[in-house]
Number of protein chains: 2
Amino acid sequence: MPGDLAYDPSDSQALARRLRALHVRVTSQRLLVLEALAAHRGHMTAEEVMRWAAPRFSGLNLATVYRTLELLVSLGLVAQTDLGGEATAFELVGGAPHHHLVCESCGAVIEMDDSLFQSLRSDVQRRYGFDARSRHIALFGVCRDCRSAAAASETDTR
Amino acid sequence: MPGDLAYDPSDSQALARRLRALHVRVTSQRLLVLEALAAHRGHMTAEEVMRWAAPRFSGLNLATVYRTLELLVSLGLVAQTDLGGEATAFELVGGAPHHHLVCESCGAVIEMDDSLFQSLRSDVQRRYGFDARSRHIALFGVCRDCRSAAAASETDTR
DNA sequence: GTGAGTGCAAATGCTTTGCAGACGT
DNA sequence: ACGTCTGCAAAGCATTTGCACTCAC
């Protein structure tokens with residue numbers, strides 16, 4: 001229901017098969033990173049993956065997490081996005097393509113359907129001959145909740 | 001002709017007046033950073049500002065450049081954008097509002113008119129109640145030149 | 001004169017890398 | 001067995017910060 005991956009991301013058997021199909025070695029560290037991303041559903045920093053995985057595999061190293069994420073990104077299994085925070089965000093590829101709306105006030109991250117982005121993409125193509133890759137994009141601004149909160153407090157203080 | 005600032009950015013007298021109007025102290029370091037951005041016309045990293053300014057003011061410090069850029073951003077005189085490189089890009093505010101198309105192949109940065117972005121902005125507003133601020137945005141992809149170059153070489157090698 | 005601004009150097013936080021040993025194939 | 005992957009520790013890089021001194025006001 002939640003996604004429509006070609007494999008079940010919480011099934012390590014399936015993950016292993018998936019990796020093998022891509023001609024890379026299957027290690028417990030790699031499976032663990034994938035499971036972390038699957039469990040957390042949504043974006044995670046390398047540090048967060050580490051915190052989730054470490055209790056399940058003592059000895060796991062942050063450098064390995066970084067190397068693994070880099071590998072998974074190059075394999076196309078994981079998407080990498082800069083959400084404006086200090087650390088880079090990673091998330092499992094699959095489900096509907098989307099981008100991110102980042103609230104500068106509360107930090108919330110809203111998933112924006114990729115369809116909204118299509119017309120800008122074709123405009124940019126037509127006008128500049130520029131082919132915008134569907135790499136995840138982040139727009140910064142203020143979310144609905146923070147806007148109404150701000151409006152309310154403005155009324156109060158006045 | 002090139003821009004339509006309310007002041008001439010290459011005239012340090014005007015820059016000084018501008019700063020004073022905003023109630024901040026006028027120092028040669030601040031003027032120099034502004035002049036650097038004005039001279040370079042377009043985006044610069046802190047390091048680039050430093051390289052431009054250092055010969056003109058020995059003793060200038062990179063930390064000061066960072067502090068100054070941060071101040072200018074908070075005053076609204078300078079815009080800050082993450083163009084995907086390692087360092088953050090800064091540019092003088094003024095002229096037509098725009099965003100950036102960054103070619104992942106050759107590194108070129110094309111300025112995209114803000115008008116193209118308006119419909120996405122209103123869609124996002126309508127659909128998610130999210131108010132996308134006009135903070136500069138970067139889209140990543142492949143520029144026209146690199147696309148045709150790629151197409152050409154593909155024909156060659158085949 | 002006074003507090004904000006600056007230079008200097010050290011610290012920070014994320015990320016990468018060199019190397020020796022461990023492990024998947 | 002082979003070559004890749006990992007852990008460890010140290011380095012790298014952009015950016016920030018503490019502190020004493022300086023300068024714009």
# chains A, B, ... in the order shown; residues from 1 in each chain; ligands from 1
>>> closest_atom_pairs(of="chain D", to="chain A", cutoff="10 Å", atoms="only C-alpha atoms (C1' of nucleotides)", output="CSV")
residue,atom,partner,partner_atom,distance
D:DT4,C1',A:Arg25,CA,8.0
D:DC5,C1',A:Thr27,CA,8.2
D:DT6,C1',A:Thr64,CA,6.8
D:DG7,C1',A:Asn61,CA,6.5
D:DC8,C1',A:Asn61,CA,8.7
>>> select_by_dssp(residues="chain A", states="strand (DSSP E or B)", output="list of chain:residue names")
A:Met44, A:Val78, A:Ala79, A:Gln80, A:Thr81, A:Ala89, A:Phe90, A:Glu91, A:Leu92, A:His98, A:His99, A:His100, A:Leu101, A:Val102, A:Cys103, A:Val109, A:Ile110, A:Glu111, A:Met112, A:Asp113, A:Asp131, A:Ala132, A:Ala138, A:Leu139, A:Phe140, A:Gly141, A:Val142
>>> residues_around(residues="DC19 in chain D", least_positions_apart="3", cutoff="12 Å", atoms="only C-alpha atoms (C1' of nucleotides)", output="JSON, numbers by chain")
{"C": [6, 7, 8, 9, 10]}
>>> select_by_dssp(residues="range 1-117 of chain A", states="alpha helix (DSSP H)", output="JSON, numbers by chain")
{"A": [12, 13, 14, 15, 16, 17, 18, 19, 20, 21, 28, 29, 30, 31, 32, 33, 34, 35, 36, 37, 38, 39, 40, 46, 47, 48, 49, 50, 51, 52, 53, 62, 63, 64, 65, 66, 67, 68, 69, 70, 71, 72, 73, 74, 75, 115, 116, 117]}
>>> closest_residue(among="B:Glu154, B:Asp131, B:Glu91, B:Glu86", to="chain C", atoms="only C-alpha atoms (C1' of nucleotides)")
B:Glu86
>>> residues_around(residues="Arg144 in chain B", least_positions_apart="5", cutoff="9 Å", atoms="only C-alpha atoms (C1' of nucleotides)", output="ChimeraX atom specification")
/A:125,128-131 /B:149
>>> interface_residues(of="chain A", to="chain B", cutoff="8 Å", atoms="only C-alpha atoms", output="ChimeraX atom specification")
/A:101,112,116-117,119-120,123-124,128-133,135,137,139-144
>>> write_last_selection(atoms="N, CA, C and O atoms", output="PDB file, in the first residue's frame")
ATOM      1  N   LEU A 101       9.326  20.127   0.058  1.00  0.00           N
ATOM      2  CA  LEU A 101       9.051  21.481   0.499  1.00  0.00           C
ATOM      3  C   LEU A 101       9.550  21.564   1.931  1.00  0.00           C
ATOM      4  O   LEU A 101       9.058  20.841   2.801  1.00  0.00           O
ATOM      5  N   MET A 112       6.382  16.827  -2.209  1.00  0.00           N
ATOM      6  CA  MET A 112       5.609  17.435  -3.289  1.00  0.00           C
ATOM      7  C   MET A 112       5.610  16.485  -4.471  1.00  0.00           C
ATOM      8  O   MET A 112       6.656  16.004  -4.887  1.00  0.00           O
ATOM      9  N   LEU A 116       3.718  18.323 -10.251  1.00  0.00           N
ATOM     10  CA  LEU A 116       3.684  19.783 -10.166  1.00  0.00           C
ATOM     11  C   LEU A 116       4.918  20.400 -10.821  1.00  0.00           C
ATOM     12  O   LEU A 116       4.914  21.558 -11.207  1.00  0.00           O
ATOM     13  N   PHE A 117       5.952  19.606 -10.903  1.00  0.00           N
ATOM     14  CA  PHE A 117       7.225  20.114 -11.370  1.00  0.00           C
ATOM     15  C   PHE A 117       7.362  20.002 -12.895  1.00  0.00           C
ATOM     16  O   PHE A 117       8.199  20.664 -13.509  1.00  0.00           O
ATOM     17  N   SER A 119       5.652  21.024 -15.492  1.00  0.00           N
ATOM     18  CA  SER A 119       5.494  22.133 -16.425  1.00  0.00           C
ATOM     19  C   SER A 119       6.706  23.056 -16.350  1.00  0.00           C
ATOM     20  O   SER A 119       7.179  23.556 -17.375  1.00  0.00           O
ATOM     21  N   LEU A 120       7.255  23.222 -15.150  1.00  0.00           N
ATOM     22  CA  LEU A 120       8.479  24.019 -15.044  1.00  0.00           C
ATOM     23  C   LEU A 120       9.590  23.345 -15.844  1.00  0.00           C
ATOM     24  O   LEU A 120      10.331  23.990 -16.575  1.00  0.00           O
ATOM     25  N   ASP A 123       9.073  24.018 -19.443  1.00  0.00           N
ATOM     26  CA  ASP A 123       9.341  25.436 -19.737  1.00  0.00           C
ATOM     27  C   ASP A 123      10.840  25.681 -19.848  1.00  0.00           C
ATOM     28  O   ASP A 123      11.321  26.365 -20.749  1.00  0.00           O
ATOM     29  N   VAL A 124      11.552  25.119 -18.898  1.00  0.00           N
ATOM     30  CA  VAL A 124      12.999  25.304 -18.848  1.00  0.00           C
ATOM     31  C   VAL A 124      13.651  24.661 -20.063  1.00  0.00           C
ATOM     32  O   VAL A 124      14.598  25.190 -20.642  1.00  0.00           O
ATOM     33  N   TYR A 128      15.414  27.381 -22.353  1.00  0.00           N
ATOM     34  CA  TYR A 128      16.875  27.405 -22.217  1.00  0.00           C
ATOM     35  C   TYR A 128      17.553  26.165 -22.802  1.00  0.00           C
ATOM     36  O   TYR A 128      18.777  26.058 -22.738  1.00  0.00           O
ATOM     37  N   GLY A 129      16.760  25.232 -23.305  1.00  0.00           N
ATOM     38  CA  GLY A 129      17.364  23.996 -23.806  1.00  0.00           C
ATOM     39  C   GLY A 129      17.999  23.198 -22.695  1.00  0.00           C
ATOM     40  O   GLY A 129      18.874  22.369 -22.914  1.00  0.00           O
ATOM     41  N   PHE A 130      17.560  23.459 -21.487  1.00  0.00           N
ATOM     42  CA  PHE A 130      18.161  22.812 -20.320  1.00  0.00           C
ATOM     43  C   PHE A 130      17.317  21.628 -19.886  1.00  0.00           C
ATOM     44  O   PHE A 130      16.099  21.746 -19.729  1.00  0.00           O
ATOM     45  N   ASP A 131      17.974  20.495 -19.722  1.00  0.00           N
ATOM     46  CA  ASP A 131      17.262  19.278 -19.347  1.00  0.00           C
ATOM     47  C   ASP A 131      17.377  19.050 -17.842  1.00  0.00           C
ATOM     48  O   ASP A 131      18.380  18.538 -17.357  1.00  0.00           O
ATOM     49  N   ALA A 132      16.345  19.451 -17.102  1.00  0.00           N
ATOM     50  CA  ALA A 132      16.377  19.301 -15.648  1.00  0.00           C
ATOM     51  C   ALA A 132      16.197  17.835 -15.280  1.00  0.00           C
ATOM     52  O   ALA A 132      15.188  17.235 -15.616  1.00  0.00           O
ATOM     53  N   ARG A 133      17.194  17.288 -14.640  1.00  0.00           N
ATOM     54  CA  ARG A 133      17.104  15.896 -14.219  1.00  0.00           C
ATOM     55  C   ARG A 133      16.099  15.776 -13.094  1.00  0.00           C
ATOM     56  O   ARG A 133      15.865  16.738 -12.361  1.00  0.00           O
ATOM     57  N   ARG A 135      16.323  14.520 -10.383  1.00  0.00           N
ATOM     58  CA  ARG A 135      16.939  14.542  -9.063  1.00  0.00           C
ATOM     59  C   ARG A 135      16.091  15.360  -8.096  1.00  0.00           C
ATOM     60  O   ARG A 135      15.538  16.397  -8.454  1.00  0.00           O
ATOM     61  N   ILE A 137      14.457  17.790  -5.620  1.00  0.00           N
ATOM     62  CA  ILE A 137      14.645  19.218  -5.467  1.00  0.00           C
ATOM     63  C   ILE A 137      14.036  19.662  -4.157  1.00  0.00           C
ATOM     64  O   ILE A 137      13.054  19.090  -3.706  1.00  0.00           O
ATOM     65  N   LEU A 139      12.401  22.977  -2.180  1.00  0.00           N
ATOM     66  CA  LEU A 139      11.972  24.375  -2.180  1.00  0.00           C
ATOM     67  C   LEU A 139      11.849  24.805  -0.724  1.00  0.00           C
ATOM     68  O   LEU A 139      11.322  24.062   0.105  1.00  0.00           O
ATOM     69  N   PHE A 140      12.304  26.005  -0.426  1.00  0.00           N
ATOM     70  CA  PHE A 140      12.257  26.482   0.951  1.00  0.00           C
ATOM     71  C   PHE A 140      11.183  27.540   1.096  1.00  0.00           C
ATOM     72  O   PHE A 140      10.920  28.294   0.174  1.00  0.00           O
ATOM     73  N   GLY A 141      10.555  27.565   2.248  1.00  0.00           N
ATOM     74  CA  GLY A 141       9.486  28.536   2.461  1.00  0.00           C
ATOM     75  C   GLY A 141       8.833  28.300   3.804  1.00  0.00           C
ATOM     76  O   GLY A 141       9.482  27.852   4.742  1.00  0.00           O
ATOM     77  N   VAL A 142       7.546  28.587   3.876  1.00  0.00           N
ATOM     78  CA  VAL A 142       6.828  28.451   5.135  1.00  0.00           C
ATOM     79  C   VAL A 142       5.597  27.578   4.925  1.00  0.00           C
ATOM     80  O   VAL A 142       4.822  27.804   3.999  1.00  0.00           O
ATOM     81  N   CYS A 143       5.431  26.580   5.779  1.00  0.00           N
ATOM     82  CA  CYS A 143       4.318  25.652   5.607  1.00  0.00           C
ATOM     83  C   CYS A 143       2.996  26.254   6.106  1.00  0.00           C
ATOM     84  O   CYS A 143       2.991  27.277   6.777  1.00  0.00           O
ATOM     85  N   ARG A 144       1.922  25.600   5.773  1.00  0.00           N
ATOM     86  CA  ARG A 144       0.592  26.084   6.103  1.00  0.00           C
ATOM     87  C   ARG A 144       0.454  26.366   7.607  1.00  0.00           C
ATOM     88  O   ARG A 144       0.023  27.431   8.010  1.00  0.00           O
TER      89      ARG A 144
END
>>> closest_residue(among="A:Leu69, A:Glu35, A:Gly95, A:Phe57", to="chain C", atoms="only C-alpha atoms (C1' of nucleotides)")
A:Leu69
>>> interface_residues(of="chain C", to="chain A", cutoff="10 Å", atoms="only C-alpha atoms (C1' of nucleotides)", output="ChimeraX atom specification")
/C:13-17,23-25
>>> closest_residue(among="B:Met44, B:Leu31, B:Ala96, B:Ala151", to="Thr81 in chain B", atoms="only C-alpha atoms")
B:Met44
>>> residues_around(residues="DG1 in chain C", least_positions_apart="2", cutoff="12 Å", atoms="only C-alpha atoms (C1' of nucleotides)", output="list in words")
DG3 of chain C; DC23 and DC25 of chain D
>>> write_last_selection(atoms="C-alpha atoms (C1' of nucleotides)", output="PDB file, in the first residue's frame")
ATOM      1  C1'  DG C   3      30.698  49.027  21.655  1.00  0.00           C
TER       2       DG C   3
ATOM      3  C1'  DC D  23      38.249  51.528  14.666  1.00  0.00           C
ATOM      4  C1'  DC D  25      30.581  56.430  15.398  1.00  0.00           C
TER       5       DC D  25
END
